[in-house]
Every structure is written in C-alpha cells, then in structure tokens.
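Report on the structure given below.
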Amino acid sequence: MSASQSRKFAGYLMLLALVISGCSLNGSMNHATSQAKLESYLSQQSQTAEDNIIASFDLYQYLLDRGAVDIWRIQDSNPKDADVAVRFKNDIVAIFYFSNEVGKGSKYGKLMGISVFAAEPDYRPESWDPSATIMKSSSRSEWSRWFNTTSPDDFVNDTRYKEKNEVDHFYSVSPNKIFYTINSAGKTVLVSVPQYFGAGFEATVGRYLQLSEPSFIVDPLDGTNIGGETN
C-alpha cells in the first residue's frame, strides 16, 4: 500500500470512528433528554426511599402532554392487576399493565409491560370479559407489540443502559381514580413506574406517536430496531 493510500485509509478509519462515536453520543443524549422531560412531572422527591420510591410522578398529566385524548381503566379478571388504556391523537392505543403480584411484600403495584396497537376511535373496552361490557362495533389493528418494562435494557432498547444509568428506583404514580391496584388485603394501593420510564417511553410508545396514519394490517415499525415482541 502506498503512502497516499495509507493516508486515505487512515482518514477513512478516523471518519468511521467519529460516526460510530456520534451515534453512541446521540443515543445517550436522547435518553438523557427523555429523562429530563420526565423530571418536570416529579414532586415530593426524596433520597430516603421506602420500597425504592424516590418521587411522586404525575403520569396522567405526562400522558396528556404527550397527546393522549382518552385514559381509562380496563377491568381485569385479577383484582391485583390493573390495565390502563391510553388513546393518542393518531389512533395509537397503549395498554399499561400494572401488577401487585410481583414482589408480594411491596406496597405498590408495578408497571410490568405496555402493549401498543392501533384502533378506531370507538374502540374503548372497559373489560377483557366480552360478557361484561357491551362494546360498540369497532375494530383494532391485527398487530400489537408488547414491551417488557421490568428490564431497563429491553425497555429502553439499549443493551448498556443499566450499566450506564441508575435503574433501581421507582416513582409512585400520583393517586387518582385510574392508576391503582388492589393488594392481598383487599385495600387500594398506588402503582409505580421505574425511574427509567421516560427513556423507555420515548424508545417504545413515543416512536409510534410519530406516525401520522399507523397501519391496521401490519406493524408499521416491524423490521426496525424498536425491540419488544410483535403479535
């Protein structure tokens, strides 16, 4: 290889390194920005964490500000579970699944996963039991995608997120008539989301909210790097 070719090759390697470094930096900055957006919805922050709860989080307002037009509970067969549906302006629906079964000593129901799909405006089930609610004739998409929210690397779609960030704490969701579960004693208890919720939401649901007319036939983000499991 001539001296000229060597210089060109070295320059190419340097450019490639800068591109890779830039992509990594942008990813980290996006995660940080997502978390910063969430910070403005926190209150009663404390370092003395009971059940690893370090702040109260106004999830309801957070979702409204992200474009939610309807938020409601869907009755689950297990009272310890809570399914909260959120419809957004572009016909995307996200179902937040909370459970009080995991970590039975906990005082809080925990966010276990989020299911995303598209649905017509009249699609508004109040129970998963068809005999419990008379539903309007409406349809939802043939596809749905499930995101596991208990694993930070999976939820944020970054295999090194846990290595680079604090992930062991939670935010209790500000109490209202929607976000709650029932514990083993039959009492109403609050629910919580992981502290990496902001970054995870942007990496999952947030990407669907960028679509103007999501398909009802195929997952519009299938084949991308969004992660999760499609059905």
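For the structure tokens, the naming scheme is as follows: chains receive sequential letters (A, B, ...) according to their order of presentation, residues are indexed from 1 within each chain, and ligands are indexed from 1 in presentation order.
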
Pull the closest atom pair for each residue of range 49-120 of chain A that gets at most 9 Å from range 140-157 of chain A, along with the distance in Å to one decimal, counting only C-alpha atoms, ordering rows by chain and then ascending residue number, as a tab-separated table.
```
residue	atom	partner	partner_atom	distance
A:Lys110	CA	A:Thr150	CA	8.7
A:Leu111	CA	A:Thr149	CA	6.7
A:Met112	CA	A:Thr149	CA	5.4
A:Gly113	CA	A:Asn148	CA	4.6
A:Ile114	CA	A:Phe147	CA	5.2
A:Ser115	CA	A:Trp146	CA	4.4
A:Val116	CA	A:Arg145	CA	5.2
A:Phe117	CA	A:Ser144	CA	4.6
A:Ala118	CA	A:Ser141	CA	5.1
A:Ala119	CA	A:Arg140	CA	3.9
A:Glu120	CA	A:Arg140	CA	6.2
```

Could you write out that same residue set with all heavy atoms as an mmCIF file, in the first residue's frame?
```cif
data_model
loop_
_atom_site.group_PDB
_atom_site.id
_atom_site.type_symbol
_atom_site.label_atom_id
_atom_site.label_comp_id
_atom_site.auth_asym_id
_atom_site.auth_seq_id
_atom_site.Cartn_x
_atom_site.Cartn_y
_atom_site.Cartn_z
ATOM 1 N N LYS A 110 -46.655 -2.621 40.361
ATOM 2 C CA LYS A 110 -45.548 -2.222 39.492
ATOM 3 C C LYS A 110 -45.926 -2.345 38.019
ATOM 4 O O LYS A 110 -46.661 -3.246 37.622
ATOM 5 C CB LYS A 110 -44.314 -3.076 39.788
ATOM 6 C CG LYS A 110 -43.729 -2.816 41.167
ATOM 7 C CD LYS A 110 -42.442 -3.600 41.388
ATOM 8 C CE LYS A 110 -41.834 -3.277 42.749
ATOM 9 N NZ LYS A 110 -40.579 -4.035 42.989
ATOM 10 N N LEU A 111 -45.398 -1.432 37.233
ATOM 11 C CA LEU A 111 -45.607 -1.492 35.790
ATOM 12 C C LEU A 111 -44.804 -2.660 35.231
ATOM 13 O O LEU A 111 -43.582 -2.700 35.341
ATOM 14 C CB LEU A 111 -45.154 -0.186 35.134
ATOM 15 C CG LEU A 111 -45.294 -0.122 33.610
ATOM 16 C CD1 LEU A 111 -46.761 -0.186 33.197
ATOM 17 C CD2 LEU A 111 -44.649 1.156 33.067
ATOM 18 N N MET A 112 -45.512 -3.618 34.614
ATOM 19 C CA MET A 112 -44.866 -4.821 34.108
ATOM 20 C C MET A 112 -44.633 -4.773 32.600
ATOM 21 O O MET A 112 -43.702 -5.389 32.087
ATOM 22 C CB MET A 112 -45.717 -6.049 34.441
ATOM 23 C CG MET A 112 -46.067 -6.179 35.920
ATOM 24 S SD MET A 112 -44.605 -6.199 36.975
ATOM 25 C CE MET A 112 -43.812 -7.688 36.413
ATOM 26 N N GLY A 113 -45.502 -4.070 31.891
ATOM 27 C CA GLY A 113 -45.355 -4.028 30.447
ATOM 28 C C GLY A 113 -46.346 -3.075 29.811
ATOM 29 O O GLY A 113 -47.288 -2.596 30.457
ATOM 30 N N ILE A 114 -46.124 -2.802 28.538
ATOM 31 C CA ILE A 114 -47.013 -1.938 27.759
ATOM 32 C C ILE A 114 -47.281 -2.615 26.423
ATOM 33 O O ILE A 114 -46.355 -3.065 25.745
ATOM 34 C CB ILE A 114 -46.385 -0.552 27.505
ATOM 35 C CG1 ILE A 114 -46.051 0.145 28.833
ATOM 36 C CG2 ILE A 114 -47.329 0.317 26.676
ATOM 37 C CD1 ILE A 114 -45.323 1.471 28.648
ATOM 38 N N SER A 115 -48.554 -2.694 26.060
ATOM 39 C CA SER A 115 -48.945 -3.235 24.758
ATOM 40 C C SER A 115 -49.412 -2.080 23.878
ATOM 41 O O SER A 115 -50.187 -1.225 24.317
ATOM 42 C CB SER A 115 -50.075 -4.256 24.924
ATOM 43 O OG SER A 115 -50.484 -4.755 23.666
ATOM 44 N N VAL A 116 -48.938 -2.048 22.643
ATOM 45 C CA VAL A 116 -49.256 -0.955 21.720
ATOM 46 C C VAL A 116 -49.923 -1.516 20.469
ATOM 47 O O VAL A 116 -49.496 -2.539 19.928
ATOM 48 C CB VAL A 116 -47.978 -0.181 21.327
ATOM 49 C CG1 VAL A 116 -48.300 0.922 20.324
ATOM 50 C CG2 VAL A 116 -47.304 0.408 22.559
ATOM 51 N N PHE A 117 -50.973 -0.852 20.011
ATOM 52 C CA PHE A 117 -51.641 -1.226 18.767
ATOM 53 C C PHE A 117 -52.413 -0.019 18.257
ATOM 54 O O PHE A 117 -52.448 1.039 18.913
ATOM 55 C CB PHE A 117 -52.581 -2.428 18.971
ATOM 56 C CG PHE A 117 -53.579 -2.252 20.089
ATOM 57 C CD1 PHE A 117 -54.819 -1.676 19.859
ATOM 58 C CD2 PHE A 117 -53.276 -2.680 21.377
ATOM 59 C CE1 PHE A 117 -55.740 -1.520 20.883
ATOM 60 C CE2 PHE A 117 -54.187 -2.529 22.414
ATOM 61 C CZ PHE A 117 -55.423 -1.949 22.169
ATOM 62 N N ALA A 118 -53.035 -0.147 17.106
ATOM 63 C CA ALA A 118 -53.873 0.919 16.552
ATOM 64 C C ALA A 118 -55.332 0.506 16.680
ATOM 65 O O ALA A 118 -55.651 -0.689 16.668
ATOM 66 C CB ALA A 118 -53.520 1.174 15.089
ATOM 67 N N ALA A 119 -56.219 1.477 16.825
ATOM 68 C CA ALA A 119 -57.641 1.155 16.974
ATOM 69 C C ALA A 119 -58.498 2.329 16.525
ATOM 70 O O ALA A 119 -58.064 3.489 16.552
ATOM 71 C CB ALA A 119 -57.960 0.807 18.427
ATOM 72 N N GLU A 120 -59.715 2.002 16.109
ATOM 73 C CA GLU A 120 -60.662 3.038 15.718
ATOM 74 C C GLU A 120 -61.085 3.846 16.944
ATOM 75 O O GLU A 120 -61.009 3.360 18.078
ATOM 76 C CB GLU A 120 -61.887 2.395 15.063
ATOM 77 C CG GLU A 120 -61.580 1.742 13.726
ATOM 78 C CD GLU A 120 -62.822 1.138 13.091
ATOM 79 O OE1 GLU A 120 -63.794 0.864 13.835
ATOM 80 O OE2 GLU A 120 -62.817 0.941 11.865
#
```

Subject >> Distance query Ala82 in chain A at most 6 Å, only C-alpha atoms, self and fewer than 4 positions along chain excluded, as a ChimeraX atom specification >> reply: /A:97-98,181

**OP:** In Å, rounded to a single decimal, give me how far CA of Lys164 in chain A is from CA of Gly109 in chain A.
**Re:**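 Result for CA of Gly109 in chain A versus CA of Lys164 in chain A: 26.3 Å, one decimal.
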
Original post:
Which one is closest to Pro214 in chain A: A:Ser172, A:Ser184, A:Asn90, A:Ser139? Count only C-alpha atoms.
Top reply: A:Asn90

**OP:** Record the distance separating CA of Ala68 in chain A and CA of Val84 in chain A, expressed in Å with one decimal.
**Re:**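 We find that CA of Ala68 in chain A and CA of Val84 in chain A lie 12.3 Å from each other.
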
**OP:** Identify all residues of range 59-181 of chain A in alpha helix (DSSP H) (DSSP on the backbone) and supply them as a list of chain:residue names.
**Re:**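 Across range 59-181 of chain A, those assigned alpha helix (DSSP H) are A:Leu59, A:Tyr60, A:Gln61, A:Tyr62, A:Leu63, A:Leu64, A:Asp65, A:Pro152, A:Asp153, A:Asp154, A:Phe155, A:Val156, A:Tyr161, A:Lys162, A:Glu163, A:Lys164.
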
Filtering to N, CA, C and O atoms, could you give me those residues as a compact mmCIF listing (two decimals), in the first residue's frame?
```
# COMPACT_ATOMS: atom_id res chain seq x y z
N LEU A 59 -48.18 10.83 36.16
CA LEU A 59 -48.24 10.10 34.90
C LEU A 59 -49.42 10.55 34.04
O LEU A 59 -49.32 10.62 32.82
N TYR A 60 -50.54 10.86 34.69
CA TYR A 60 -51.74 11.28 33.96
C TYR A 60 -51.45 12.53 33.12
O TYR A 60 -51.74 12.56 31.92
N GLN A 61 -50.86 13.54 33.74
CA GLN A 61 -50.55 14.77 33.02
C GLN A 61 -49.46 14.54 31.98
O GLN A 61 -49.49 15.12 30.89
N TYR A 62 -48.51 13.69 32.31
CA TYR A 62 -47.43 13.36 31.37
C TYR A 62 -48.02 12.80 30.08
O TYR A 62 -47.62 13.19 28.97
N LEU A 63 -48.98 11.90 30.21
CA LEU A 63 -49.59 11.28 29.03
C LEU A 63 -50.44 12.29 28.25
O LEU A 63 -50.43 12.29 27.01
N LEU A 64 -51.15 13.14 28.95
CA LEU A 64 -51.93 14.18 28.27
C LEU A 64 -51.02 15.09 27.45
O LEU A 64 -51.33 15.44 26.31
N ASP A 65 -49.90 15.45 28.03
CA ASP A 65 -48.96 16.33 27.33
C ASP A 65 -48.28 15.63 26.16
O ASP A 65 -47.74 16.30 25.27
N PRO A 152 -34.59 -2.72 32.15
CA PRO A 152 -34.22 -1.42 31.57
C PRO A 152 -33.59 -1.53 30.19
O PRO A 152 -33.89 -0.74 29.30
N ASP A 153 -32.71 -2.51 30.00
CA ASP A 153 -32.05 -2.66 28.70
C ASP A 153 -33.06 -2.96 27.60
O ASP A 153 -32.95 -2.46 26.48
N ASP A 154 -34.07 -3.79 27.92
CA ASP A 154 -35.09 -4.13 26.93
C ASP A 154 -36.03 -2.95 26.67
O ASP A 154 -36.33 -2.62 25.52
N PHE A 155 -36.49 -2.31 27.74
CA PHE A 155 -37.47 -1.24 27.61
C PHE A 155 -36.88 -0.03 26.88
O PHE A 155 -37.51 0.56 26.00
N VAL A 156 -35.66 0.33 27.23
CA VAL A 156 -35.01 1.49 26.61
C VAL A 156 -34.37 1.10 25.28
O VAL A 156 -34.00 1.95 24.48
N TYR A 161 -27.74 0.23 28.86
CA TYR A 161 -28.41 1.29 29.64
C TYR A 161 -28.23 1.06 31.14
O TYR A 161 -27.92 1.98 31.89
N LYS A 162 -28.44 -0.17 31.59
CA LYS A 162 -28.32 -0.48 33.01
C LYS A 162 -26.91 -0.25 33.51
O LYS A 162 -26.69 0.17 34.65
N GLU A 163 -25.95 -0.49 32.64
CA GLU A 163 -24.55 -0.30 33.00
C GLU A 163 -24.21 1.18 33.19
O GLU A 163 -23.38 1.54 34.02
N LYS A 164 -24.91 2.05 32.44
CA LYS A 164 -24.57 3.47 32.42
C LYS A 164 -25.47 4.35 33.28
O LYS A 164 -25.17 5.52 33.48
```

Original post:
Using only C-alpha atoms, which of the listed residues (A:Lys80, A:Arg207, A:Arg160, A:Arg73) sits closest to Lys187 in chain A?
Top reply: A:Lys80

Original post:
Smallest atom-to-atom distance to Phe170 in chain A: which of A:Tyr108, A:Tyr208, A:Phe216, A:Phe96, using only C-alpha atoms?
Top reply: A:Tyr108

**OP:** Using DSSP on the backbone coordinates, identify all residues within range 93-205 of chain A classified as strand (DSSP E); present the result as number ranges by chain.
**Re:** A: 93-99, 109-118, 145-148, 170-173, 181-182, 188-189, 191-194

Keeping C-alpha atoms, export the residues of the selection given above as a PDB file, in the first residue's frame.
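Saved result, again21.pdb, follows:
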```
ATOM      1  CA  VAL A  93     -53.564   2.859  21.871  1.00  0.00           C
ATOM      2  CA  ALA A  94     -51.192   1.826  24.651  1.00  0.00           C
ATOM      3  CA  ILE A  95     -52.266  -0.533  27.435  1.00  0.00           C
ATOM      4  CA  PHE A  96     -50.270  -0.132  30.658  1.00  0.00           C
ATOM      5  CA  TYR A  97     -50.228  -3.343  32.689  1.00  0.00           C
ATOM      6  CA  PHE A  98     -49.627  -2.985  36.447  1.00  0.00           C
ATOM      7  CA  SER A  99     -49.494  -5.860  38.916  1.00  0.00           C
ATOM      8  CA  GLY A 109     -48.353  -2.235  42.043  1.00  0.00           C
ATOM      9  CA  LYS A 110     -45.548  -2.222  39.492  1.00  0.00           C
ATOM     10  CA  LEU A 111     -45.607  -1.492  35.790  1.00  0.00           C
ATOM     11  CA  MET A 112     -44.866  -4.821  34.108  1.00  0.00           C
ATOM     12  CA  GLY A 113     -45.355  -4.028  30.447  1.00  0.00           C
ATOM     13  CA  ILE A 114     -47.013  -1.938  27.759  1.00  0.00           C
ATOM     14  CA  SER A 115     -48.945  -3.235  24.758  1.00  0.00           C
ATOM     15  CA  VAL A 116     -49.256  -0.955  21.720  1.00  0.00           C
ATOM     16  CA  PHE A 117     -51.641  -1.226  18.767  1.00  0.00           C
ATOM     17  CA  ALA A 118     -53.873   0.919  16.552  1.00  0.00           C
ATOM     18  CA  ARG A 145     -46.403  -5.058  20.162  1.00  0.00           C
ATOM     19  CA  TRP A 146     -45.536  -5.904  23.763  1.00  0.00           C
ATOM     20  CA  PHE A 147     -42.771  -4.123  25.657  1.00  0.00           C
ATOM     21  CA  ASN A 148     -41.337  -5.576  28.856  1.00  0.00           C
ATOM     22  CA  PHE A 170     -39.178   3.839  41.211  1.00  0.00           C
ATOM     23  CA  TYR A 171     -41.659   6.704  41.014  1.00  0.00           C
ATOM     24  CA  SER A 172     -45.053   6.306  42.639  1.00  0.00           C
ATOM     25  CA  VAL A 173     -47.796   7.406  40.264  1.00  0.00           C
ATOM     26  CA  THR A 181     -54.338  -1.770  42.188  1.00  0.00           C
ATOM     27  CA  ILE A 182     -55.765  -3.915  44.982  1.00  0.00           C
ATOM     28  CA  THR A 188     -56.424   0.044  47.229  1.00  0.00           C
ATOM     29  CA  VAL A 189     -52.728   0.769  46.722  1.00  0.00           C
ATOM     30  CA  VAL A 191     -48.832   1.915  41.408  1.00  0.00           C
ATOM     31  CA  SER A 192     -45.290   2.753  40.381  1.00  0.00           C
ATOM     32  CA  VAL A 193     -43.123   3.046  37.296  1.00  0.00           C
ATOM     33  CA  PRO A 194     -39.344   2.512  37.068  1.00  0.00           C
TER      34      PRO A 194
END
```

Original post:
Rounded to one decimal in Å, what is the spacing between CA of Phe201 in chain A and CA of Asp158 in chain A?
Top reply: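 Computed distance, CA of Phe201 in chain A to CA of Asp158 in chain A, equals 12.9 Å.
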
**OP:** Considering only C-alpha atoms, state which residue in the set A:Glu126, A:Glu213, A:Glu166, A:Asp219 is at the smallest distance from Asp83 in chain A.
**Re:**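 Checking each candidate against Asp83 in chain A, we get A:Glu126 as the closest.
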
Original post:
What lies within 7 Å of Trp72 in chain A using only C-alpha atoms, ignoring chain neighbours under 5 positions off, as number ranges by chain?
Top reply: A: 84-86, 178

**OP:** Measuring atom to atom with only C-alpha atoms, identify which of A:Asn183, A:Asn78, A:Ser46, A:Gln195 is nearest to His169 in chain A.
**Re:**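 Once distances to His169 in chain A are computed over only C-alpha atoms, the minimum belongs to A:Gln195.
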